[in-house]
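Asker: Following this message is one structure expressed as structure tokens.
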Amino acid sequence: MSTPILREGENCWCRAHAHRVALLVDGADYFAAVADAIERAERSIVMIGWDFHSRIRLRRGEGAGETELLALLERQVRRRRSLQVRILAWDFAMIYALEREWQPLFRFEWSTHRRIRFRLDGRHPFGASQHQKIVVVDDALAFSGGLDLTACRWDTREHCPSQPLRSDPGFAGYGPFHDVQMAVDGDAALALGELARERWRIATGRSLGAVRRTGDPWPTGLAPRLRDVDVGIARTFPEYRGRPEVREVESLYLDSLRAARRLVYLENQYFTAHRVGEVLEQRLRDPDGPEVIAVLPSSLSGWLEERTMGVLAARLARRLRDADRFGRLRMLQPVLPEGEKICVHAKVAVVDDRLLRVGSANLANRSMGLDSECDLAVESTPERDVEREIRRFRHELIGEHLGRRPEEVAEAERRAGSVRGAIDALSDGDRRLQPIPEADPGWLEEAVPDHALFDPERPIDFEELWPRFTSGRESAARTGRARPLLYLALGVALAVGGVAAWQLTPLGEWVEPERLSRAAVDLAAAPLLGVPIAVALVAIATSLMVPVTALIAASGMAFGAIWGAAIGLAGAVLGAAIGYLAGRSLWRDAVRRLAGRRLDRISRHFAARGVLASAALRLVPIAPFGVVNLVAGASHIRARDFLLGTAIGMAPGALLLAVLGDRALAALRDPGWGSAIAALAVLGVALAAGKWLGGGLAGADARLQVKRTP
């Protein structure tokens with residue numbers, strides 16, 4: 001008899017009995033099941049999520065009786081006087097402000113029934129997020145997995161390239177989306193209810209009582225996949241303000257991969273977790289190791305993520321391919337007819353058809369120790385053999401990606417003698433699983449730092465973060481591993497690439513430089529009035545988190561290189577002042593509570609060399625422009641030093657972007673080698689100026705440290 005993989009207190013918080021377990025694939029089935037459960041709720045609904053959208057439609061299509069989330073909750077609390085609703089969402093970073101519903105507190109809390117309570121959860125270390133996706137109804141039914149009740153998540157299992165129902169308020173249409181959620185009842189639902197109530201208490205300081213279960217909220221028509229099984233609950237929590245670190249999600253991954261004998265089947269949004277990668281490398285080198293099938297998205301969401309997390313994923317993929325001595329590895333992407341890709345957002349793992357896990361945790365370092373996560377797992381045991389049902393579910397997932405029935409997948413697997421052979425044999429239709437090509441990040445491979453910065457596995461201390469960007473030359477002098485030119489080039493690339501990042505989202509259409517430049521033509525025609533108005537517009541737009549890079553480039557296109565750089569720089573400095581004042585007056589206490597004594601120490605460090613610190617942050621940005629402004633306002637940096645440093649640090653980039661914007665417009669009007677050579681010359685001069693200025697800042701910083709050393 002095999003040793004059990006799930007071990008309570010080691011790689012899972014608990015093992016709780018469920019009378020029924022259902023698996024909901026893709027948003028259409030999950031959203032409809034949640035709507036049904038809400039309508040059957042009697043006493044309590046608790047929702048914990050990364051994000052919620054008040055107007056998300058839970059039911060869609062002709063005859064479905066379309067129902068929006070908040071409207072349904074309102075109707076139910078008015079119908080049932082004993083029903084209480086609690087919704088807890090991550091108090092998201094400003095970088096996601098434009099990807100979410102505006103003013104969720106107003107939508108969910110202030111304009112709804114008093115028995116609907118909505119709160120934002122900000123009780124996390126700096127850089128962490130609340131990433132669990134849990135819905136608990138009457139402590140008798142619970143859903144957990146990878147799906148949030150928010151925009152751009154709904155889809156059917158057919159993943160039709162043109163699906164008119166795949167649209168949400170603020171999002172006219174989005175691509176095919178794949179995810180999985182698990183539903184449980186019994187003691188497993190009760191345990192998830194306890195977990196959700198504890199999350200609420202930590203976030204709000206108020207306790208919620210357990211619910212005495214009376215009715216059965218299990219959705220009508222939701223067929224259980226498994227009956228009378230134990231469900232393991234694995235969590236991730238970072239160490240924070242006396243709360244101990246919990247790494248059950250990572251422990252369960254490592255233990256199950258080490259126990260694998262025949263097969264590891266993974267579906268995940270990311271693939272960068274370095275400890276998981278190390279175990280997979282070992283198993284691929286083992287002559288008796290398992291097949292490893294990973295179904296991943298073909299690309300990440302946005303230019304910036306591609307060039308950070310994408311580079312980290314490419315590194316891990318290369319290591320795994322090098323370790324694959326026996327040809328057992330397949331890293332695949334689902335492809336639809338005409339080559340359209342599916343966004344794989346699921347977090348599923350199947351090991352030997354013996355263990356199935358569905359959860360919120362990505363295969364990324366931050367999901368192992370920084371973000372709050374929750375995974376559910378079911379294991380086949382001698383007492384309750386569920387291997388056949390797990391295998392059937394795996395065949396359904398593979399069949400969905402291939403456009404085949406589960407029986408076809410099972411037969412192909414029997415004939416080929418392996419899962420990879422079955423996939424190869426069936427990937428000849430319009431829907432297929434095709435290998436992800438090996439990426440070549442180029443110079444970014446050397447420039448992007450390791451996982452500790454872009455994909456941290458533990459909270460980052462402010463005092464550790466600052467030397468990464470301001471003392472690199474000093475530490476490099478000691479270690480001989482300096483790459484200042486590469487980091488400078490990365491900073492410039494990130495600045496210029498801000499435009500590209502926004503152009504890859506629907507929001508990018510609003511702020512693309514060409515559109516902004518056309519809007520500024522009338523201003524440029526009347527400079528005495530147009531220049532101050534343009535400066536004010538840039539300042540207001542940066543305060544609203546519109547990328548400053550796009551605004552400066554548009555200024556260059558509208559006003560020419562010199563005036564465009566001056567207008568862009570002036571507007572950016574004015575926008576920095578607005579953000580600084582907002583951070584000081586509105587969010588200072590909240591930001592300081594978030595970071596505690598760490599921010600206090602680092603902000604005093606900034607204050608001691610405020611101009612240099614601010615200039616360095618603008619030369620090599622570690623956060624979006626608007627976020628830096630808010631945090632600076634909450635720190636000890638003097639406004640004069642912050643604004644002067646902002647002007648110094650942004651001057652090279654402003655000139656570069658304005659000139660490139662001007663040259664880009666010239667190239668469009670008169671394409672030729674002359675325009676291209678001029679743009680390259682400007683780029684070279686700007687890089688040289690940035691390098692010289694960066695060296696000057698580093699030297700001044702070093703001299704300042706010498707002066708302050710007793």
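Ligands are numbered from 1 in the order shown, residues from 1 within each chain, and chains are lettered A, B, ... in the order they appear in the structure tokens.
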Would you return as a list in words the members of stretch 18-61 of chain A that DSSP assigns to strand (DSSP E) on this structure's backbone?
Answerer: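 Of stretch 18-61 of chain A, the ones in strand (DSSP E) are Ala18, His19, Arg20, Val21, Ala22, Leu23, Leu24, Val25, Ser44, Ile45, Val46, Met47, Ile48, Gly49, Arg57, Leu58 and Arg59 of chain A.
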Asker: State, in Å with one decimal place, the distance from atom CA of A:Gly205 to atom CA of A:Gly146.
Answerer: 26.6 Å
Asker: Write out as a count of residues only the residues lying within 12 Å of A:Ala210, counting only C-alpha atoms and excluding same-chain residues fewer than 5 positions away.
Answerer: 20
Asker: With only C-alpha atoms as the atoms that count, which of A:Val276, A:Leu6, A:Val246, A:Ala22 lies nearest to A:Leu226?
Answerer: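 When distances to A:Leu226 are compared using only C-alpha atoms, the smallest one comes from A:Ala22.
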Asker: When you draw a straight line from atom CA of A:Gly369 to atom CA of A:Arg235, how long is it in Å?
Answerer: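 Calculated distance between atom CA of A:Gly369 and atom CA of A:Arg235 is 9.5 Å.
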Asker: Quick one: residues within 12 Å of A:His345, only C-alpha atoms counted, chain neighbours fewer than 3 positions away excluded, as a ChimeraX atom specification?
Answerer: /A:25-27,145-148,152-155,176-181,266-271,295-301,333-334,342,348,358-363
Asker: What is the atom CA of A:Gln130-atom CA of A:Leu312 distance in Å, reported with one decimal?
Answerer: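 These two atoms are separated by 22.6 Å.
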Asker: Which is closest to A:Val34 among A:Pro217, A:Pro290, A:Gly403, A:Pro382, if we use only C-alpha atoms?
Answerer: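 Closest to A:Val34, using only C-alpha atoms: A:Pro217.
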Asker: Contacts of A:Cys14 at 6 Å or less, counting only C-alpha atoms, minus same-chain residues fewer than 4 places along, as JSON, numbers by chain?
Answerer: {"A": [8, 232, 233]}
Asker: Tell me, as a list in words, which residues lie within 10 Å of A:Ala28, counting only C-alpha atoms; anything in the same chain fewer than 3 positions away does not count.
Answerer: Leu24, Val25, Phe31, Ala32, Ala33, Arg57, Leu58, Arg59, Arg60, Arg153, Trp154, Asp155, Thr156, Arg157, Leu165 and Arg166 of chain A
Asker: Give the helix (DSSP H, G or I) residues of stretch 90-319 of chain A, as DSSP finds them on the backbone, and put them as JSON, numbers by chain.
Answerer: {"A": [94, 95, 96, 97, 98, 99, 104, 105, 106, 107, 108, 109, 110, 186, 187, 188, 189, 190, 191, 192, 193, 194, 195, 196, 197, 198, 199, 200, 201, 202, 203, 204, 248, 249, 250, 251, 252, 253, 254, 255, 256, 257, 258, 259, 274, 275, 276, 277, 278, 279, 280, 281, 282, 283, 284, 285, 303, 304, 305, 306, 309, 310, 311, 312, 313, 314, 315, 316, 317, 318, 319]}
